[in-house]
Amino acid sequence: MVRRLKIIVAPEIAGSARSWRNFPGQVLIVTVAALIYFGVRMITKGAEVAAFKNAYDLLTFESTLGLDLEAWSQSAVLDYHWMVTAANWVYIWLHWPVVLGALVLLYRYNRHRYTLMRNAMIVSGALGLVFFAFFPVAPPRFFDGFTDTVAELSTSYKYLQPPSVVNKYAALPSFHVGWNVLAGVVLFRSTKSIPVRVFAVASPLLMAMAVVLTGNHWVIDGFVGAALAMIGLYVAHRLGWLTRRWQETSEDSGESSPSQSEAGSTVPV
């Protein structure tokens, strides 16, 4: 039996939800944004001294808050192969596949929410570039006592995000956490399916643990990444509201009633 997943679709896009003619343009937008993102990240590749100093300062700040849990948490799982494998799997396969999958699903069934998530990623990514450029931070895996479990025990990550395009000193903020939080929030609000909502909540929580257990991020990196993602979502929401208000004013049309604001569609899963 094929189960069906209810997705909320705005009526103004419901009629065109099955049209893919604009999809290549959206792919181009996301690709250009990604190239700019990784390009700026690579600017700080040589900032080794500053990156390690900032990492020490960050760790000192964490210790004052009682959040310096990285060394303890990783050492607690290293003797359990299945836990390390699970952390690696989450870090590799629950980030880009989930984020891009959410964008494609939303583009297919809810163009408004797709645009919201896309713009939120662009805004939060731009804010993150400020940190990468002016506050490079070395990740825990470069410090004594830590193990880079992804590099030492996995090869899949090299294909999803080749080391040649990765900035080693861009630990803060963690968009592995931030964009998973963003995808989770948008998906949660776009469906009434309990399994999908559970996944939308569990995915960022699992990622928050995985980035620390694999030695790729400090605890505070995840908090900052999530905060920037939510700022991006707020800005994207406000920009969308202003655009709609401008369109309503220019067309001299009234607001739609709440009963007309959402319509249902189904997604086979």
# chains A, B, ... in the order shown; residues from 1 in each chain; ligands from 1
$ residues_around --residues "segment 134-142 of chain A" --least-positions-apart "5" --cutoff "7 Å" --atoms "only C-alpha atoms" --output "number ranges by chain"
A: 44, 47, 50-52, 54-55, 147-148, 168-172, 215-218
$ closest_residue --among "A:Val104, A:Met207, A:Ala202, A:Leu116" --to "Ala236 of chain A" --atoms "only C-alpha atoms"
A:Leu116
$ atom_distance --atom1 "atom CA of Gly184 of chain A" --atom2 "atom CA of Val201 of chain A"
6.0 Å
$ residues_around --residues "segment 231-233 of chain A" --least-positions-apart "3" --cutoff "8 Å" --atoms "only C-alpha atoms" --output "ChimeraX atom specification"
/A:116-117,119-124,182,227-228,236-237
$ write_last_selection --atoms "N, CA and C atoms" --output "CSV table (one decimal), in the first residue's frame"
chain,number,residue,atom,x,y,z
A,116,LEU,N,11.2,30.5,0.5
A,116,LEU,CA,11.5,30.9,1.9
A,116,LEU,C,12.8,30.2,2.4
A,117,MET,N,12.9,28.9,2.2
A,117,MET,CA,14.1,28.1,2.6
A,117,MET,C,15.3,28.5,1.8
A,119,ASN,N,16.0,31.4,0.2
A,119,ASN,CA,16.4,32.7,0.6
A,119,ASN,C,17.0,32.7,2.0
A,120,ALA,N,16.5,31.9,2.9
A,120,ALA,CA,17.0,31.8,4.2
A,120,ALA,C,18.4,31.3,4.2
A,121,MET,N,18.7,30.3,3.3
A,121,MET,CA,20.0,29.7,3.2
A,121,MET,C,21.0,30.8,2.7
A,122,ILE,N,20.5,31.5,1.7
A,122,ILE,CA,21.4,32.6,1.1
A,122,ILE,C,21.8,33.6,2.1
A,123,VAL,N,20.8,34.1,2.9
A,123,VAL,CA,21.0,35.1,3.9
A,123,VAL,C,21.9,34.6,5.0
A,124,SER,N,21.6,33.4,5.5
A,124,SER,CA,22.4,32.9,6.6
A,124,SER,C,23.8,32.6,6.1
A,182,LEU,N,17.2,24.6,9.8
A,182,LEU,CA,16.4,25.3,8.8
A,182,LEU,C,15.5,24.4,8.1
A,227,ALA,N,21.5,29.7,15.1
A,227,ALA,CA,21.0,31.1,15.3
A,227,ALA,C,21.0,31.9,13.9
A,228,LEU,N,22.1,31.7,13.2
A,228,LEU,CA,22.2,32.4,11.9
A,228,LEU,C,21.1,31.9,10.9
A,236,ALA,N,14.2,36.2,5.4
A,236,ALA,CA,13.5,35.8,4.2
A,236,ALA,C,12.0,35.9,4.3
A,237,HIS,N,11.5,35.7,5.5
A,237,HIS,CA,10.1,35.8,5.8
A,237,HIS,C,9.6,37.3,5.6
$ atom_distance --atom1 "atom CA of Leu67 of chain A" --atom2 "atom CA of Val211 of chain A"
14.4 Å
$ select_by_dssp --residues "segment 13-255 of chain A" --states "helix (DSSP H, G or I)" --output "MDAnalysis selection string"
chainID A and resid 13:14 23:46 48:65 70:77 81:93 96:109 111:134 140:142 149:153 157:160 163:165 175:190 194:213 219:251
$ closest_residue --among "A:Trp93, A:Phe188, A:Phe143, A:Phe132" --to "Pro173 of chain A" --atoms "only C-alpha atoms"
A:Phe132
$ closest_residue --among "A:Leu106, A:Leu69, A:Ile92, A:Ala86" --to "Thr191 of chain A" --atoms "only C-alpha atoms"
A:Leu106
$ closest_residue --among "A:His95, A:Arg113, A:Arg108, A:Arg189" --to "Ala208 of chain A" --atoms "only C-alpha atoms"
A:His95
$ atom_distance --atom1 "atom CA of Val196 of chain A" --atom2 "atom CA of Phe175 of chain A"
21.2 Å
$ closest_residue --among "A:Tyr80, A:Phe199, A:Tyr91, A:Trp96" --to "Ala151 of chain A" --atoms "only C-alpha atoms"
A:Tyr91
